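Okay, my_file-v4.txt is below, compact mmCIF, C-alpha atoms and all ligand atoms:
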# COMPACT_ATOMS: atom_id res chain seq x y z
CA MET A 1 99.92 104.97 123.06
CA ARG A 2 97.76 102.03 122.00
CA ILE A 3 97.45 101.59 118.23
CA GLY A 4 95.71 98.92 116.19
CA PHE A 5 94.12 97.76 112.97
CA TYR A 6 90.66 96.48 112.14
CA GLN A 7 90.89 94.01 109.24
CA PHE A 8 87.50 93.20 107.73
CA ALA A 9 85.79 92.67 104.37
CA PRO A 10 83.53 95.64 103.50
CA ILE A 11 80.28 94.81 101.68
CA PHE A 12 80.31 96.31 98.18
CA GLY A 13 78.00 99.31 97.87
CA ASP A 14 76.53 99.09 101.39
CA THR A 15 77.86 102.25 103.02
CA SER A 16 75.53 102.22 106.01
CA LYS A 17 76.38 98.61 106.96
CA ASN A 18 80.13 99.20 106.55
CA VAL A 19 80.11 102.43 108.55
CA GLU A 20 77.93 100.89 111.26
CA ARG A 21 80.30 97.97 111.49
CA MET A 22 83.32 100.23 112.11
CA ALA A 23 81.29 102.33 114.56
CA LYS A 24 80.24 99.26 116.59
CA MET A 25 83.83 98.00 116.61
CA LEU A 26 84.97 101.37 118.02
CA GLU A 27 82.17 101.49 120.55
CA GLY A 28 83.36 98.16 121.93
CA LEU A 29 86.69 99.76 122.76
CA SER A 30 87.86 102.55 124.98
CA GLY A 31 90.78 104.95 124.77
CA SER A 32 93.80 104.33 126.96
CA GLN A 33 92.27 106.86 129.39
CA GLY A 34 89.05 104.81 129.58
CA ASN A 35 85.76 105.54 127.85
CA SER A 36 82.62 107.26 129.08
CA GLN A 37 81.65 104.09 131.01
CA GLY A 38 85.09 103.96 132.62
CA LYS A 39 86.24 100.88 130.63
CA ALA A 40 89.96 100.84 129.96
CA ASN A 41 90.46 97.92 127.57
CA GLY A 42 91.02 100.22 124.71
CA ALA A 43 93.05 101.94 122.11
CA ASP A 44 93.95 105.47 121.05
CA LEU A 45 93.89 104.84 117.33
CA ILE A 46 92.52 102.14 115.02
CA VAL A 47 93.21 101.97 111.28
CA ALA A 48 90.60 100.38 108.96
CA PRO A 49 91.12 99.35 105.30
CA GLU A 50 91.05 101.41 102.09
CA LEU A 51 87.54 102.22 100.75
CA ALA A 52 86.16 100.63 103.90
CA THR A 53 82.81 102.43 103.54
CA SER A 54 82.16 101.27 99.97
CA GLY A 55 84.11 98.23 98.81
CA TYR A 56 86.64 98.40 96.00
CA LEU A 57 85.75 96.64 92.74
CA PHE A 58 83.90 99.35 90.83
CA LEU A 59 82.96 98.62 87.22
CA GLU A 60 81.74 102.08 86.25
CA LYS A 61 82.22 105.65 87.40
CA SER A 62 78.47 105.92 88.10
CA GLU A 63 78.89 103.32 90.87
CA VAL A 64 81.56 105.42 92.56
CA GLU A 65 79.38 108.52 92.26
CA LYS A 66 76.57 106.69 94.07
CA VAL A 67 78.63 105.86 97.17
CA ALA A 68 80.95 108.90 97.31
CA ASP A 69 80.49 110.96 100.47
CA THR A 70 81.71 114.38 101.58
CA VAL A 71 83.98 115.25 104.52
CA PRO A 72 82.35 116.12 106.83
CA GLY A 73 79.46 113.85 105.90
CA TYR A 74 77.59 110.70 106.86
CA ALA A 75 80.64 108.49 107.55
CA THR A 76 82.68 111.08 109.44
CA GLU A 77 79.71 112.12 111.60
CA ARG A 78 78.81 108.55 112.63
CA LEU A 79 82.43 107.57 113.27
CA GLN A 80 83.11 110.76 115.17
CA GLU A 81 80.21 109.90 117.48
CA ALA A 82 81.66 106.38 117.99
CA ALA A 83 85.14 107.84 118.53
CA ALA A 84 83.74 110.15 121.21
CA LYS A 85 82.07 107.24 123.04
CA SER A 86 85.21 105.12 122.93
CA ASN A 87 87.78 107.91 123.30
CA CYS A 88 89.57 106.29 120.32
CA GLY A 89 90.34 107.84 116.92
CA ILE A 90 89.96 106.02 113.60
CA VAL A 91 91.61 106.26 110.18
CA PHE A 92 89.47 104.71 107.43
CA GLY A 93 89.25 104.73 103.65
CA MET A 94 86.32 106.20 101.72
CA PRO A 95 85.45 107.58 98.27
CA GLU A 96 85.43 111.30 98.97
CA ARG A 97 83.51 113.84 96.90
CA LYS A 98 85.07 117.29 96.84
CA GLY A 99 83.83 119.78 94.28
CA ASP A 100 83.49 117.96 90.96
CA LYS A 101 86.14 115.34 91.83
CA ILE A 102 86.10 112.04 93.69
CA TYR A 103 89.21 110.98 95.60
CA ASN A 104 90.26 107.67 97.15
CA SER A 105 90.82 109.15 100.60
CA ALA A 106 92.03 108.14 104.06
CA VAL A 107 90.12 110.10 106.67
CA PHE A 108 91.13 110.46 110.32
CA VAL A 109 88.49 111.41 112.90
CA ASP A 110 88.58 111.56 116.67
CA GLY A 111 85.71 112.30 119.03
CA SER A 112 85.67 116.02 118.32
CA ARG A 113 86.88 116.69 114.79
CA VAL A 114 88.18 115.57 111.43
CA VAL A 115 91.89 115.44 112.24
CA ALA A 116 93.15 114.85 108.68
CA VAL A 117 92.19 113.90 105.14
CA TYR A 118 94.76 112.34 102.81
CA ARG A 119 93.86 111.87 99.13
CA LYS A 120 95.62 108.91 97.52
CA VAL A 121 98.38 110.13 95.23
CA HIS A 122 99.40 106.90 93.45
CA LEU A 123 96.28 105.34 91.93
CA PHE A 124 96.38 101.62 91.15
CA ASP A 125 95.21 100.21 87.82
CA LYS A 126 91.50 100.93 87.09
CA GLU A 127 91.28 103.36 89.99
CA LYS A 128 92.62 105.79 87.38
CA LEU A 129 89.23 105.55 85.60
CA PHE A 130 87.25 106.40 88.71
CA PHE A 131 89.26 108.68 91.01
CA ALA A 132 91.26 111.89 90.75
CA PRO A 133 94.80 111.63 92.15
CA GLY A 134 95.43 113.59 95.35
CA GLU A 135 97.10 116.94 94.72
CA GLU A 136 98.01 118.04 98.24
CA GLY A 137 100.70 115.44 98.86
CA PHE A 138 101.83 114.16 102.22
CA GLU A 139 101.33 115.90 105.56
CA VAL A 140 102.08 115.02 109.16
CA VAL A 141 99.46 115.55 111.88
CA GLU A 142 99.84 115.63 115.68
CA TYR A 143 97.65 113.34 117.75
CA ARG A 144 97.97 112.66 121.48
CA GLY A 145 101.64 113.57 121.50
CA ALA A 146 102.54 111.50 118.40
CA LYS A 147 103.22 112.54 114.80
CA LEU A 148 101.17 110.59 112.26
CA GLY A 149 101.32 110.30 108.48
CA LEU A 150 98.66 108.77 106.21
CA LEU A 151 99.14 106.76 103.02
CA VAL A 152 96.75 104.59 101.00
CA CYS A 153 97.61 101.14 99.63
CA PHE A 154 99.60 101.43 96.35
CA ASP A 155 101.54 104.41 97.78
CA HIS A 156 103.69 101.73 99.43
CA MET A 157 105.39 101.07 96.08
CA PHE A 158 106.78 104.61 95.96
CA PRO A 159 109.45 104.98 98.66
CA GLU A 160 109.34 108.76 98.22
CA ALA A 161 105.88 108.88 99.82
CA ALA A 162 106.88 107.34 103.17
CA ARG A 163 110.22 109.16 103.06
CA THR A 164 108.47 112.51 102.62
CA LEU A 165 106.37 111.81 105.71
CA ALA A 166 109.32 110.54 107.76
CA LEU A 167 111.45 113.58 106.85
CA GLN A 168 108.62 115.75 108.21
CA GLY A 169 108.84 113.85 111.49
CA ALA A 170 106.14 111.19 111.11
CA GLU A 171 106.54 108.51 113.78
CA ILE A 172 103.57 106.31 112.86
CA ILE A 173 102.40 105.65 109.30
CA CYS A 174 98.71 104.76 109.00
CA HIS A 175 98.11 102.76 105.84
CA PRO A 176 94.55 101.70 104.88
CA SER A 177 94.86 99.15 102.07
CA ASN A 178 93.12 96.79 99.67
CA LEU A 179 96.25 94.90 98.59
CA VAL A 180 95.92 92.46 95.72
CA LEU A 181 99.52 91.66 94.69
CA PRO A 182 100.64 88.69 96.79
CA GLU A 183 103.07 89.58 99.61
CA TYR A 184 104.27 92.84 98.03
CA GLY A 185 102.66 95.23 100.51
CA GLN A 186 103.53 93.20 103.60
CA LEU A 187 107.15 93.14 102.42
CA THR A 188 107.53 96.73 101.20
CA THR A 189 105.97 98.16 104.37
CA ARG A 190 108.58 96.29 106.42
CA VAL A 191 111.28 97.79 104.22
CA ARG A 192 109.77 101.28 104.56
CA SER A 193 109.68 100.78 108.33
CA ILE A 194 113.36 99.75 108.29
CA GLU A 195 114.60 102.51 105.98
CA ASN A 196 112.67 105.28 107.77
CA LYS A 197 112.70 103.82 111.31
CA VAL A 198 108.98 104.41 111.81
CA PHE A 199 106.02 102.51 113.22
CA TRP A 200 103.66 101.28 110.52
CA ILE A 201 100.01 100.21 110.73
CA LEU A 202 99.05 98.31 107.57
CA SER A 203 95.29 97.69 107.69
CA ASN A 204 94.38 95.46 104.78
CA ARG A 205 91.03 93.93 103.84
CA TYR A 206 90.48 90.28 102.99
CA GLY A 207 88.07 88.28 100.86
CA THR A 208 87.17 88.16 97.16
CA GLU A 209 84.93 90.59 95.31
CA ASN A 210 83.22 89.12 92.20
CA ARG A 211 81.47 91.64 89.99
CA GLY A 212 80.53 91.68 86.29
CA GLY A 213 82.87 88.82 85.39
CA ARG A 214 85.81 90.36 87.26
CA ALA A 215 87.26 89.12 90.54
CA LEU A 216 89.78 90.52 92.97
CA THR A 217 91.16 88.72 96.00
CA TYR A 218 92.60 90.83 98.81
CA THR A 219 95.53 89.50 100.77
CA GLY A 220 94.68 90.25 104.44
CA VAL A 221 97.72 89.84 106.73
CA SER A 222 97.39 93.31 108.24
CA GLN A 223 100.38 94.12 110.40
CA ILE A 224 101.83 96.56 112.91
CA LEU A 225 105.56 97.16 112.60
CA ALA A 226 108.03 98.75 115.02
CA PRO A 227 110.77 101.09 113.73
CA GLY A 228 113.24 98.73 112.10
CA GLY A 229 110.55 96.42 110.74
CA LYS A 230 109.89 94.15 113.73
CA VAL A 231 106.41 92.62 113.38
CA LEU A 232 104.46 93.46 116.54
CA LYS A 233 101.08 92.14 115.37
CA LYS A 234 100.04 90.17 112.32
CA ALA A 235 96.55 89.10 111.17
CA PRO A 236 95.73 85.94 109.23
CA GLU A 237 95.07 85.99 105.46
CA LYS A 238 91.32 85.73 106.01
CA GLY A 239 88.88 86.70 108.71
CA ASP A 240 88.00 89.73 110.80
CA SER A 241 90.83 90.76 113.03
CA LEU A 242 91.16 93.56 115.57
CA MET A 243 94.66 93.77 117.00
CA ILE A 244 96.08 96.43 119.31
CA VAL A 245 99.54 97.01 120.74
CA ASP A 246 101.15 99.46 123.14
CA VAL A 247 103.92 101.56 121.55
CA SER A 248 106.13 104.52 122.46
CA PRO A 249 106.07 106.83 119.41
CA GLU A 250 109.31 108.46 120.59
CA ASP A 251 111.07 105.19 119.63
CA ALA A 252 110.79 106.43 116.04
CA ARG A 253 112.66 109.67 116.69
CA SER A 254 116.25 108.47 116.49
CA LYS A 255 117.36 107.44 113.03
CA ARG A 256 120.69 106.04 114.22
CA ILE A 257 121.35 102.46 113.10
CA ALA A 258 125.09 102.13 113.79
CA GLU A 259 127.56 104.10 115.84
CA MET A 260 128.53 106.14 112.79
CA ASN A 261 125.31 105.95 110.78
CA ASP A 262 122.18 108.03 110.98
CA LEU A 263 119.65 107.15 108.28
CA PHE A 264 118.62 110.74 107.71
CA GLY A 265 121.93 112.44 108.53
CA ASP A 266 123.76 110.24 106.02
CA ARG A 267 121.47 111.04 103.10
CA LYS A 268 123.07 112.69 100.04
CA PRO A 269 120.19 114.56 98.42
CA GLU A 270 122.59 116.55 96.24
CA LEU A 271 123.50 113.28 94.46
CA TYR A 272 119.99 111.91 94.06
CA ARG A 273 118.31 112.61 90.73
CA LEU A 274 114.69 112.83 91.86
C1 LIG X 301 95.62 99.21 95.70
O1 LIG X 301 96.23 100.28 95.67
N1 LIG X 301 94.40 99.12 96.18
C2 LIG X 301 96.26 97.98 95.20
I'd like the structure from this file rewritten - as structure tokens, please.
Amino acid sequence: MRIGFYQFAPIFGDTSKNVERMAKMLEGLSGSQGNSQGKANGADLIVAPELATSGYLFLEKSEVEKVADTVPGYATERLQEAAAKSNCGIVFGMPERKGDKIYNSAVFVDGSRVVAVYRKVHLFDKEKLFFAPGEEGFEVVEYRGAKLGLLVCFDHMFPEAARTLALQGAEIICHPSNLVLPEYGQLTTRVRSIENKVFWILSNRYGTENRGGRALTYTGVSQILAPGGKVLKKAPEKGDSLMIVDVSPEDARSKRIAEMNDLFGDRKPELYRL
């Protein structure tokens, strides 16, 4: 299976440009089986950053309301069309309107359907003013013979989130992000990949957003990790970056790390006060 990330810097508030940009990126690829033109330079799955359709630095709730989209909706329909042309699925972040709430969601579409929606559980800082926390928790989905779990950015600081996915059998964690704390996310995701023996696709944005006297700089350095934390691909701090690597998801199935140690078999849940 060929998995990758698309690191870029979404334009604040310009949903159509951001969606079109991800669609064009996908249309330049093809799935590992080749696309409709028979090209076979492709990927099976690309992960884009958190809030990739909208940008991140909202100052007021009314701004979020303006760019929030439904699932299915404009972004999923356009990206589904691009996924069909390229035979490659995409996980991307978007502000999702559902009922009277807006969530910071990671949405997974392939060429024929919305495969999964994950609503960010652990909201970071001022996100708490603008988004409702996800209530459904963490679920594993099957895709082309692999088991995938979705998280969004700050979830990386809560080891229970990745553990919950790994205990349900997740082999690849897809992690759209807008990381702002220097090095934390790149480091913690390696640790999560080590402690759960899973593949990890961290897709982080880069650049600085300046709005209303506030500024946030995003740390780039998207990365793909093998079970055990080996860095398979790593983007620079700044600049657009599309990187893809061939992996065998079954490499995440064994949790053995020493002759007499299995990371999951050796757990002592009865002694953990969670
Ligand atoms: C973050 O959760 N976007 C830091």
Nearby residues, (92.2, 97.1, 113.1) file frame, 12 Å, all atoms listed in the file, as a ChimeraX atom specification | /A:2-9,22,25-26,29,43-50,52,88-92,174-177,201-205,220-224,233-235,239-245
Which protein, DNA or RNA residues have an atom within 6 Å of ligand LIG 301 (chain X), counting all atoms listed in the file, as a short mmCIF file (atom, residue, chain, number, x, y, z; two decimals) with C-alpha atoms, in the coordinates of the input?
data_model
loop_
_atom_site.label_atom_id
_atom_site.label_comp_id
_atom_site.auth_asym_id
_atom_site.auth_seq_id
_atom_site.Cartn_x
_atom_site.Cartn_y
_atom_site.Cartn_z
CA PHE A 124 96.38 101.62 91.15
CA CYS A 153 97.61 101.14 99.63
CA PHE A 154 99.60 101.43 96.35
CA SER A 177 94.86 99.15 102.07
CA ASN A 178 93.12 96.79 99.67
CA LEU A 179 96.25 94.90 98.59
CA VAL A 180 95.92 92.46 95.72
#
Top pick for closest residue to Leu59 in chain A, considering A:Thr188, A:Asn210, A:Ser105, A:Gln80 and counting all atoms listed in the file | A:Asn210
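Nearest residue to Gly111 in chain A among A:Asp155, A:Lys85, A:Ala132, A:Glu96 is A:Lys85, counting only C-alpha atoms.
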Taking all listed atoms of range 206-218 of chain A, build the axis-aligned box, pad each of the six sides by 6 Å, then write its centre and edge lengths in Å to one decimal as JSON.
{"center_x": 86.6, "center_y": 89.9, "center_z": 94.2, "size_x": 24.1, "size_y": 15.5, "size_z": 29.6}
Can you pull out every residue within 12 Å of range 270-274 of chain A, counting all atoms listed in the file, but drop anything in the same chain fewer than 3 positions away, and send it as a PyMOL selection string?
-> chain A and resi 159-160+266-267
